[in-house]
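Coordinates from entry-v8.tsv are shown below (TSV, C-alpha atoms).
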```
chain	number	residue	atom	x	y	z
A	251	MET	CA	452.19	39.75	194.22
A	252	PHE	CA	454.87	42.32	193.42
A	253	MET	CA	452.17	44.96	193.57
A	254	VAL	CA	451.14	44.09	197.13
A	255	LEU	CA	454.78	44.00	198.14
A	256	ALA	CA	455.37	47.39	196.53
A	257	LEU	CA	452.35	48.84	198.35
A	258	VAL	CA	453.67	47.57	201.69
A	259	VAL	CA	457.15	48.91	200.91
A	260	GLY	CA	455.66	52.30	200.05
A	261	ILE	CA	453.69	52.42	203.28
A	262	VAL	CA	456.74	51.40	205.32
A	263	LEU	CA	458.83	54.04	203.57
A	264	GLY	CA	456.21	56.66	204.33
A	265	VAL	CA	456.14	55.66	207.98
A	266	VAL	CA	459.91	55.39	208.38
A	267	LEU	CA	460.98	58.49	206.46
A	268	GLU	CA	458.40	60.72	208.19
A	269	PRO	CA	458.28	63.22	205.35
A	270	THR	CA	456.78	66.62	206.03
A	271	VAL	CA	454.19	67.82	203.56
A	272	PRO	CA	454.85	71.35	202.29
A	273	VAL	CA	452.16	73.71	203.51
A	274	ALA	CA	451.25	74.67	199.96
A	275	LEU	CA	450.45	71.05	199.09
A	276	GLN	CA	448.54	70.17	202.25
A	277	PRO	CA	445.04	71.02	200.93
A	278	TYR	CA	445.54	68.62	198.03
A	279	LEU	CA	446.55	65.64	200.12
A	280	PRO	CA	443.04	64.26	200.80
A	281	ILE	CA	442.00	64.68	197.16
A	282	ALA	CA	445.22	63.03	196.00
A	283	VAL	CA	444.48	60.08	198.28
A	284	VAL	CA	440.99	59.68	196.84
A	285	ALA	CA	442.36	59.91	193.30
A	286	ALA	CA	445.02	57.31	194.10
A	287	LEU	CA	442.37	55.00	195.57
A	288	ASP	CA	440.40	55.33	192.35
A	289	ALA	CA	443.42	54.42	190.25
A	290	VAL	CA	444.26	51.45	192.48
A	291	PHE	CA	440.75	50.00	192.47
A	292	GLY	CA	440.51	50.58	188.71
A	293	GLY	CA	443.77	48.66	188.31
A	294	ILE	CA	442.60	45.77	190.48
A	295	ARG	CA	439.33	45.58	188.56
A	296	ALA	CA	441.16	45.57	185.22
A	297	GLN	CA	443.49	42.87	186.49
A	298	LEU	CA	440.51	40.71	187.44
A	299	ASP	CA	438.88	41.45	184.07
A	300	GLY	CA	442.12	40.30	182.47
A	301	ILE	CA	442.72	43.55	180.64
A	302	PHE	CA	445.26	45.18	183.00
A	303	ASP	CA	447.69	47.45	181.23
A	304	ASP	CA	450.76	48.91	182.91
A	305	LYS	CA	450.88	52.07	180.84
A	306	GLN	CA	447.20	52.70	181.34
A	307	PHE	CA	447.51	52.20	185.10
A	308	VAL	CA	450.46	54.56	185.52
A	309	ILE	CA	448.94	57.24	183.34
A	310	SER	CA	445.55	56.96	185.04
A	311	PHE	CA	447.17	57.38	188.46
A	312	ILE	CA	449.26	60.38	187.50
A	313	SER	CA	446.51	62.11	185.58
A	314	ASN	CA	443.93	61.41	188.29
A	315	VAL	CA	446.09	62.99	190.97
A	316	LEU	CA	447.11	65.92	188.78
A	317	VAL	CA	443.62	66.66	187.47
A	318	ALA	CA	442.05	66.35	190.91
A	319	GLY	CA	444.69	68.65	192.37
A	320	MET	CA	444.26	71.11	189.51
A	321	ILE	CA	440.49	71.22	189.92
A	322	VAL	CA	440.84	71.93	193.62
A	323	TYR	CA	443.48	74.58	192.94
A	324	LEU	CA	441.29	76.23	190.34
A	325	GLY	CA	438.29	76.05	192.68
A	326	ASP	CA	440.32	77.68	195.44
A	327	LYS	CA	441.24	80.52	193.12
A	328	LEU	CA	437.60	80.94	192.04
A	329	GLY	CA	436.29	80.74	195.59
A	330	VAL	CA	434.41	77.48	195.06
A	331	GLY	CA	437.18	75.15	196.25
A	332	GLY	CA	434.96	73.31	198.73
A	333	GLN	CA	432.22	72.62	196.21
A	334	LEU	CA	434.64	71.49	193.49
A	335	SER	CA	436.41	69.15	195.93
A	336	THR	CA	432.99	67.71	196.76
A	337	GLY	CA	432.39	67.20	193.05
A	338	VAL	CA	435.73	65.44	192.63
A	339	VAL	CA	435.07	63.25	195.65
A	340	VAL	CA	431.58	62.35	194.39
A	341	VAL	CA	432.76	61.36	190.90
A	342	LEU	CA	435.78	59.43	192.15
A	343	GLY	CA	433.69	57.93	194.94
A	344	VAL	CA	431.11	56.64	192.45
A	345	ARG	CA	433.88	55.09	190.40
A	346	ILE	CA	435.50	53.51	193.44
A	347	PHE	CA	432.17	52.05	194.51
A	348	GLY	CA	431.43	50.72	191.04
A	349	ASN	CA	434.87	49.17	190.69
A	350	VAL	CA	434.74	47.64	194.14
A	351	ALA	CA	431.34	46.17	193.27
A	352	ALA	CA	432.85	44.64	190.12
A	353	ILE	CA	435.79	43.28	192.15
A	354	ARG	CA	433.33	41.83	194.63
A	355	ARG	CA	431.44	40.10	191.81
A	356	HIS	CA	434.70	38.69	190.52
A	357	LEU	CA	435.86	37.41	193.88
A	358	PHE	CA	432.62	36.14	195.41
A	359	ARG	CA	430.46	35.67	192.32
A	360	ALA	CA	427.79	37.69	194.09
B	1097	MET	CA	427.89	57.88	152.71
B	1098	SER	CA	429.08	58.09	156.27
B	1099	ALA	CA	427.86	55.84	159.06
B	1100	PRO	CA	424.89	57.21	161.06
B	1101	GLN	CA	426.09	59.34	163.96
B	1102	ARG	CA	426.04	57.44	167.24
B	1103	PHE	CA	425.33	59.32	170.44
B	1104	GLU	CA	427.36	58.08	173.36
B	1105	PRO	CA	425.51	58.10	176.68
B	1106	ASP	CA	426.52	61.13	178.65
B	1107	PHE	CA	429.38	61.01	181.09
B	1108	LEU	CA	427.42	60.49	184.30
B	1109	THR	CA	425.26	57.69	182.87
B	1110	GLU	CA	428.39	56.00	181.55
B	1111	LEU	CA	430.08	56.51	184.90
B	1112	PHE	CA	427.27	54.79	186.77
B	1113	ARG	CA	426.89	51.98	184.24
B	1114	ASP	CA	430.55	51.04	183.90
B	1115	PRO	CA	432.94	52.80	186.24
B	1116	LEU	CA	436.06	51.19	184.74
B	1117	ASP	CA	438.20	53.53	182.72
B	1118	PRO	CA	437.33	52.62	179.09
B	1119	ALA	CA	441.01	53.02	178.16
B	1120	TYR	CA	441.76	49.63	179.75
B	1121	ALA	CA	439.41	47.95	177.27
B	1122	ALA	CA	440.83	50.03	174.43
B	1123	ALA	CA	444.38	49.01	175.31
B	1124	ALA	CA	443.36	45.37	175.48
B	1125	ARG	CA	441.78	45.64	172.01
B	1126	ARG	CA	444.94	47.26	170.65
B	1127	ARG	CA	447.07	44.49	172.09
B	1128	ALA	CA	444.83	41.84	170.64
B	1129	GLY	CA	445.07	43.50	167.23
B	1130	ARG	CA	448.82	44.02	167.27
B	1131	GLY	CA	449.96	40.90	169.05
B	1132	PRO	CA	452.08	40.72	172.20
B	1133	GLU	CA	454.55	43.52	172.90
B	1134	PRO	CA	458.29	42.90	173.07
B	1135	SER	CA	459.38	41.59	176.46
B	1136	TRP	CA	461.66	44.56	177.31
B	1137	LEU	CA	458.73	46.92	176.92
B	1138	ARG	CA	456.56	44.77	179.13
B	1139	ALA	CA	459.27	44.58	181.81
B	1140	THR	CA	459.67	48.35	181.78
B	1141	GLY	CA	455.91	48.82	182.09
B	1142	ARG	CA	455.76	46.40	184.98
B	1143	THR	CA	458.60	48.19	186.79
B	1144	VAL	CA	456.92	51.55	186.39
B	1145	SER	CA	453.66	50.05	187.66
B	1146	VAL	CA	455.37	48.65	190.72
B	1147	LEU	CA	456.98	52.02	191.38
B	1148	THR	CA	453.60	53.71	191.03
B	1149	VAL	CA	452.01	51.33	193.51
B	1150	ALA	CA	454.85	52.02	195.93
B	1151	LEU	CA	454.19	55.72	195.43
B	1152	VAL	CA	450.51	55.14	196.21
B	1153	GLY	CA	451.43	53.37	199.45
B	1154	PHE	CA	453.80	56.20	200.29
B	1155	LEU	CA	451.00	58.68	199.68
B	1156	PHE	CA	448.63	56.75	201.94
B	1157	ALA	CA	451.17	56.65	204.76
B	1158	VAL	CA	451.97	60.34	204.42
B	1159	ALA	CA	448.30	61.31	204.39
B	1160	TYR	CA	447.59	59.11	207.39
B	1161	ARG	CA	450.46	60.58	209.34
B	1162	HIS	CA	449.37	64.06	208.34
B	1163	VAL	CA	445.84	63.51	209.62
B	1164	VAL	CA	447.01	61.89	212.85
B	1165	ALA	CA	449.57	64.61	213.49
B	1166	GLY	CA	447.09	67.39	212.78
B	1167	GLU	CA	444.31	66.10	215.01
B	1168	PRO	CA	445.84	66.26	218.49
B	1169	GLU	CA	447.33	69.71	217.79
B	1170	SER	CA	444.19	71.45	218.98
B	1171	SER	CA	443.64	69.18	221.96
B	1172	ARG	CA	447.30	69.58	222.94
B	1173	THR	CA	446.90	73.35	222.96
B	1174	ARG	CA	443.77	73.02	225.05
B	1175	ALA	CA	445.44	70.69	227.55
B	1176	GLY	CA	448.32	73.14	227.84
B	1177	LEU	CA	445.97	76.01	228.54
B	1178	VAL	CA	444.03	74.00	231.11
B	1179	GLY	CA	447.27	73.10	232.87
B	1180	GLU	CA	448.35	76.72	232.88
B	1181	VAL	CA	445.03	77.82	234.37
B	1182	ARG	CA	445.28	75.16	237.08
B	1183	ALA	CA	448.83	76.17	237.94
B	1184	LYS	CA	447.88	79.83	238.18
B	1185	GLN	CA	444.90	78.96	240.35
B	1186	ALA	CA	447.08	76.94	242.70
B	1187	GLU	CA	449.53	79.81	242.82
B	1188	SER	CA	446.78	82.26	243.64
B	1189	ASP	CA	445.42	79.98	246.37
B	1190	GLU	CA	448.88	79.69	247.82
B	1191	MET	CA	449.28	83.45	247.89
B	1192	GLN	CA	445.86	83.76	249.51
B	1193	ARG	CA	446.97	81.35	252.24
B	1194	THR	CA	450.16	83.31	252.78
B	1195	ALA	CA	448.16	86.52	253.05
B	1196	GLU	CA	445.89	84.92	255.62
B	1197	ALA	CA	448.79	83.70	257.70
B	1198	LEU	CA	450.39	87.12	257.57
B	1199	ARG	CA	447.11	88.71	258.54
B	1200	ALA	CA	446.84	86.41	261.55
B	1201	ASP	CA	450.37	87.43	262.46
B	1202	VAL	CA	449.45	91.10	262.24
B	1203	ASP	CA	446.41	90.45	264.41
B	1204	ARG	CA	448.55	88.77	267.05
B	1205	GLN	CA	451.05	91.56	267.14
B	1206	ARG	CA	448.27	94.12	267.28
B	1207	ALA	CA	446.68	92.25	270.19
B	1208	ALA	CA	449.98	92.30	272.06
B	1209	LEU	CA	450.29	96.03	271.55
B	1210	GLN	CA	446.87	97.45	272.06
B	1211	GLY	CA	444.88	95.23	274.38
B	1212	GLY	CA	441.32	96.54	274.61
B	1213	GLU	CA	441.36	98.38	271.31
B	1214	PHE	CA	442.15	95.11	269.52
B	1215	ASP	CA	438.72	93.55	270.07
B	1216	ARG	CA	437.03	96.51	268.46
B	1217	ILE	CA	439.33	96.32	265.43
B	1218	ARG	CA	438.81	92.60	265.16
B	1219	ASN	CA	435.04	92.93	265.19
B	1220	LEU	CA	435.17	95.67	262.62
B	1221	SER	CA	437.46	93.74	260.30
B	1222	ALA	CA	435.28	90.64	260.63
B	1223	ALA	CA	432.26	92.67	259.59
B	1224	ALA	CA	434.22	94.19	256.70
B	1225	GLY	CA	435.21	90.74	255.48
B	1226	LEU	CA	438.88	91.14	256.30
B	1227	GLY	CA	438.98	88.55	259.05
B	1228	ARG	CA	437.96	84.95	259.41
B	1229	VAL	CA	434.49	84.47	260.90
B	1230	ARG	CA	433.23	81.47	262.82
B	1231	GLY	CA	429.68	80.94	263.94
B	1232	ASP	CA	426.28	79.40	263.33
B	1233	GLY	CA	424.34	80.13	260.21
B	1234	VAL	CA	422.75	78.72	257.10
B	1235	VAL	CA	423.81	77.12	253.85
B	1236	VAL	CA	421.75	78.05	250.81
B	1237	GLU	CA	422.40	75.69	247.95
B	1238	VAL	CA	421.48	76.71	244.43
B	1239	ARG	CA	422.21	74.49	241.46
B	1240	ASP	CA	421.64	74.50	237.71
B	1241	ALA	CA	418.66	72.55	236.46
B	1242	PRO	CA	419.73	69.26	234.82
B	1243	VAL	CA	420.39	69.77	231.12
B	1244	GLU	CA	417.54	68.50	228.99
B	1245	THR	CA	418.33	66.46	225.91
B	1246	ASP	CA	416.77	67.45	222.66
B	1247	PRO	CA	414.21	64.78	221.74
B	1248	LEU	CA	415.04	65.14	218.05
B	1249	THR	CA	418.81	65.04	217.98
B	1250	GLY	CA	419.45	63.37	221.33
B	1251	ARG	CA	422.04	65.99	222.04
B	1252	PRO	CA	421.98	68.18	225.15
B	1253	ARG	CA	420.10	71.39	224.55
B	1254	THR	CA	422.26	74.43	224.46
B	1255	ASP	CA	419.76	76.71	226.17
B	1256	ASN	CA	418.99	75.82	229.77
B	1257	PRO	CA	416.47	78.21	231.27
B	1258	GLY	CA	417.12	76.67	234.69
B	1259	ARG	CA	420.78	77.67	234.69
B	1260	VAL	CA	421.81	79.77	237.69
B	1261	LEU	CA	422.79	83.24	236.56
B	1262	ASP	CA	425.04	85.75	238.25
B	1263	ARG	CA	421.89	87.74	238.97
B	1264	ASP	CA	420.39	84.81	240.90
B	1265	LEU	CA	423.47	84.57	243.10
B	1266	GLN	CA	423.38	88.32	243.64
B	1267	THR	CA	419.72	88.00	244.70
B	1268	VAL	CA	420.54	85.22	247.15
B	1269	VAL	CA	423.40	87.17	248.67
B	1270	ASN	CA	421.38	90.35	248.94
B	1271	GLY	CA	418.52	88.38	250.47
B	1272	LEU	CA	420.86	86.94	253.05
B	1273	TRP	CA	422.23	90.37	253.92
B	1274	ALA	CA	418.67	91.64	254.20
B	1275	ALA	CA	417.75	88.73	256.47
B	1276	GLY	CA	420.48	89.76	258.86
B	1277	ALA	CA	423.54	87.78	257.77
B	1278	GLU	CA	426.82	89.07	259.17
B	1279	ALA	CA	429.17	87.29	256.80
B	1280	VAL	CA	428.52	85.58	253.46
B	1281	ALA	CA	430.64	83.33	251.27
B	1282	ILE	CA	429.97	81.62	247.95
B	1283	ASN	CA	431.66	78.23	247.52
B	1284	GLY	CA	434.13	79.26	250.21
B	1285	GLN	CA	434.80	82.69	248.66
B	1286	ARG	CA	434.11	85.29	251.31
B	1287	LEU	CA	432.31	88.41	250.16
B	1288	SER	CA	433.24	91.83	251.37
B	1289	SER	CA	431.45	95.09	250.74
B	1290	THR	CA	433.28	95.54	247.46
B	1291	SER	CA	432.99	91.99	246.13
B	1292	THR	CA	431.67	91.38	242.65
B	1293	ILE	CA	429.45	88.61	241.33
B	1294	ARG	CA	429.52	88.69	237.59
B	1295	ALA	CA	429.06	86.51	234.57
B	1296	ALA	CA	431.81	85.99	232.02
B	1297	GLY	CA	430.33	83.94	229.21
B	1298	ALA	CA	428.76	80.92	230.85
B	1299	ALA	CA	430.87	81.14	234.00
B	1300	ILE	CA	430.13	83.07	237.15
B	1301	LEU	CA	433.02	84.93	238.69
B	1302	VAL	CA	433.11	85.92	242.33
B	1303	ASP	CA	435.82	88.52	242.79
B	1304	PHE	CA	437.24	87.35	239.44
B	1305	LYS	CA	437.53	83.75	240.55
B	1306	PRO	CA	435.25	81.28	238.80
B	1307	VAL	CA	432.68	79.35	240.84
B	1308	ALA	CA	430.65	76.43	239.50
B	1309	SER	CA	427.30	74.80	240.17
B	1310	PRO	CA	426.25	73.69	242.78
B	1311	TYR	CA	426.69	77.03	244.46
B	1312	ALA	CA	426.76	76.85	248.24
B	1313	VAL	CA	426.11	80.27	249.73
B	1314	THR	CA	427.07	80.11	253.39
B	1315	ALA	CA	426.10	82.85	255.78
B	1316	VAL	CA	426.75	83.44	259.44
B	1317	GLY	CA	423.95	85.22	261.19
B	1318	PRO	CA	421.20	85.14	263.79
B	1319	GLY	CA	419.53	81.88	264.75
B	1320	ASP	CA	416.37	82.48	262.73
B	1321	LEU	CA	418.26	83.43	259.57
B	1322	ASP	CA	416.97	80.41	257.65
B	1323	ARG	CA	413.34	81.16	258.46
B	1324	ARG	CA	413.72	84.82	257.66
B	1325	PHE	CA	415.39	84.11	254.35
B	1326	ASP	CA	412.93	81.41	253.36
B	1327	LYS	CA	409.96	83.69	254.09
B	1328	SER	CA	411.46	86.65	252.25
B	1329	THR	CA	410.59	87.51	248.66
B	1330	THR	CA	413.94	86.04	247.62
B	1331	GLY	CA	413.06	82.68	249.16
B	1332	GLN	CA	409.64	82.74	247.48
B	1333	GLN	CA	411.24	83.68	244.17
B	1334	PHE	CA	413.60	80.73	244.33
B	1335	ARG	CA	410.86	78.29	245.26
B	1336	ALA	CA	409.02	79.54	242.17
B	1337	LEU	CA	412.16	79.05	240.05
B	1338	THR	CA	412.42	75.50	241.37
B	1339	ARG	CA	408.84	74.76	240.36
B	1340	ARG	CA	409.06	76.44	237.01
B	1341	TYR	CA	412.55	75.73	235.73
B	1342	ASN	CA	413.61	72.78	237.84
B	1343	MET	CA	416.45	74.81	239.33
B	1344	GLY	CA	417.84	73.32	242.53
B	1345	TYR	CA	417.33	75.34	245.71
B	1346	SER	CA	417.60	74.33	249.35
B	1347	ILE	CA	418.33	76.03	252.62
B	1348	ARG	CA	419.50	74.40	255.81
B	1349	LYS	CA	420.80	75.50	259.17
B	1350	GLN	CA	424.36	74.66	259.99
B	1351	ASP	CA	426.30	75.24	263.15
B	1352	ASN	CA	429.95	76.05	263.49
B	1353	LEU	CA	430.56	77.49	260.06
B	1354	THR	CA	433.95	78.97	259.32
B	1355	LEU	CA	434.15	81.63	256.65
B	1356	PRO	CA	437.61	82.65	255.42
B	1357	ALA	CA	438.69	86.23	255.01
B	1358	ALA	CA	437.93	87.91	251.72
B	1359	THR	CA	440.66	89.00	249.37
B	1360	ASP	CA	442.32	92.15	250.53
B	1361	PRO	CA	440.75	95.21	249.00
B	1362	GLN	CA	443.28	97.25	247.14
B	1363	LEU	CA	444.05	100.59	248.65
B	1364	ARG	CA	442.61	103.37	246.59
B	1365	PHE	CA	443.48	106.55	248.38
B	1366	ALA	CA	445.73	105.52	251.21
B	1367	HIS	CA	449.35	104.78	250.52
B	1368	ARG	CA	452.39	103.82	252.47
B	1369	PRO	CA	454.58	106.73	253.48
B	1370	GLY	CA	457.43	107.18	251.05
B	1371	GLU	CA	455.61	105.57	248.13
B	1372	SER	CA	454.00	107.42	245.33
B	1373	VAL	CA	450.23	107.77	245.30
B	1374	PRO	CA	448.61	104.70	243.73
B	1375	SER	CA	447.81	105.51	240.15
B	1376	GLY	CA	444.90	104.63	237.96
B	1377	GLY	CA	442.10	105.36	240.39
B	1378	PRO	CA	439.64	102.61	241.23
B	1379	THR	CA	440.65	99.28	239.85
B	1380	PRO	CA	438.01	96.96	238.41
B	1381	SER	CA	438.43	94.41	241.18
B	1382	THR	CA	437.14	96.84	243.77
B	1383	THR	CA	434.20	98.25	241.85
B	1384	PRO	CA	431.26	97.91	244.24
B	1385	SER	CA	428.74	95.86	242.30
B	1386	GLY	CA	428.10	92.99	244.66
B	1387	GLY	CA	424.41	93.80	244.60
B	1388	ARG	CA	422.34	95.35	241.95
```
structure tokens encoding of this file:
Amino acid sequence: MFMVLALVVGIVLGVVLEPTVPVALQPYLPIAVVAALDAVFGGIRAQLDGIFDDKQFVISFISNVLVAGMIVYLGDKLGVGGQLSTGVVVVLGVRIFGNVAAIRRHLFRA
Amino acid sequence: MSAPQRFEPDFLTELFRDPLDPAYAAAARRRAGRGPEPSWLRATGRTVSVLTVALVGFLFAVAYRHVVAGEPESSRTRAGLVGEVRAKQAESDEMQRTAEALRADVDRQRAALQGGEFDRIRNLSAAAGLGRVRGDGVVVEVRDAPVETDPLTGRPRTDNPGRVLDRDLQTVVNGLWAAGAEAVAINGQRLSSTSTIRAAGAAILVDFKPVASPYAVTAVGPGDLDRRFDKSTTGQQFRALTRRYNMGYSIRKQDNLTLPAATDPQLRFAHRPGESVPSGGPTPSTTPSGGR
């Protein structure tokens, strides 16, 4: 309940404050969003499995975003930024799909 | 003796089988082994979680705004450019109208001064494209073939062999001159002896002003102009193009056509007394390449 409220508050803050993203960070924004989605769906799945852990959730979010950003940064420096971002998106996408499938089984028993 | 070594399934197999971070299960096992944590620790963890979720929401909103703000940037630039082009075109049309009015004024004053000589000048300037011309003639309409859609992708094909090229318009105009036309205009743009018909990318420019399909080439000339043009090699060529590439071509007689004056040719050698000699020699806009 608090979580949903916090999400809404975060979105409202983002809309109201109208922050500008520094140019240097702009390429990492999409990847960060995908990483955050992965952490959120992982958290929801764990909650439904009854094994949610606050520390684990926070650390998974932060490390997901940082590692994804670092991989893209490294890829940019090596000249394979596009391909590495694709790799990150594929791996995180598979995890998101799997977790959403598990959530679906929990919620609809199907 | 140590336990036999167990090989974990590789990362991708594990990822597809159970996408949940295994650390959640590990943490749950630890908790079960150690008993519940103290309440202050749990409260702190919960607070940090809530803050993280708020951060996630913030991130989503920022990313969304970023994408939405970035998208119309390009279309805004385009709209601005289109508006600028339209404004400049209107300005140029306005100046053209002013020039025409002034020219009519000059004609009137000349008529008042010179009497008989005036008719000769007027006829000459009409032939040279400097004066408005009214009379009977023909309208030759040429249009691009309809764009075919690619049967595989369903998208319009990029190459259209039935597209009207600058060369086609040049051929029509030259054919009309050859058939005895006295004055020719394309889409209302009068041609003079130094007019240009050129391609710039996909657009056709007549005297540096773009014209678009369908192209109406109007010509004032003798009564049998349409027959003469249609029987000429040019007419035959265009009928063949119609059959082969589906290009649109038609010719019809029309009475009482009015063709405007062409844009004033820039003076190349003459100059007003007291002014310096025009520099730069022939300017591109007066390069004679109306034909081939």
message: At a cut-off of 10 Å, which residues of chain B touch chain A? Count only C-alpha atoms and give the answer as number ranges by chain.
response: B: 1108, 1111-1117, 1119-1125, 1127, 1138-1163
message: Measuring between only C-alpha atoms, which one of B:Gly1233, B:Pro1132, B:Pro1356, B:Gly1271 shows the shortest distance to Gln1192 in chain B?
response: B:Pro1356
- request: Considering only C-alpha atoms, state which residue in the set A:Gln333, A:Val273, A:Ile353, A:Val338 is at the smallest distance from Met320 in chain A.
  value: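 That would be A:Val338, the residue with the smallest distance to Met320 in chain A.
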Nearest to Leu275 in chain A by atom-to-atom distance, counting all atoms listed in the file, from A:Val330, A:Ile294, A:Leu316, A:Val340: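 Selected residue with least distance to Leu275 in chain A: A:Leu316.
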message: Show me, as number ranges by chain, the residues that have an atom within 9 Å of range 1252-1260 of chain B when counting all atoms listed in the file, minus same-chain residues fewer than 5 positions from it.
response: B: 1238-1246, 1265, 1300, 1309, 1311, 1337-1338, 1340-1344
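The list of residues with at least one atom within 12 Å of Leu324 in chain A, based on all atoms listed in the file and without residues fewer than 6 positions apart in the same chain, reads Tyr278, Leu316, Val317, Ala318, Val330, Gly331, Gly332, Gln333, Leu334 and Ser335 of chain A.
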field: Selected residue, from B:Gly1284, B:Gly1131, B:Gly1179, B:Gly1331, that lies nearest to Ala1308 in chain B when counting all atoms listed in the file
entry: B:Gly1284
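CA of Ala1281 in chain B is found 24.6 Å from CA of Phe1214 in chain B.
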message: Give me, as a ChimeraX atom specification, all polymer residues having an atom no more than 10 Å from Pro1318 in chain B, counting all atoms listed in the file and skipping those fewer than 6 positions away in the same chain.
response: /B:1231-1234,1275-1278,1324
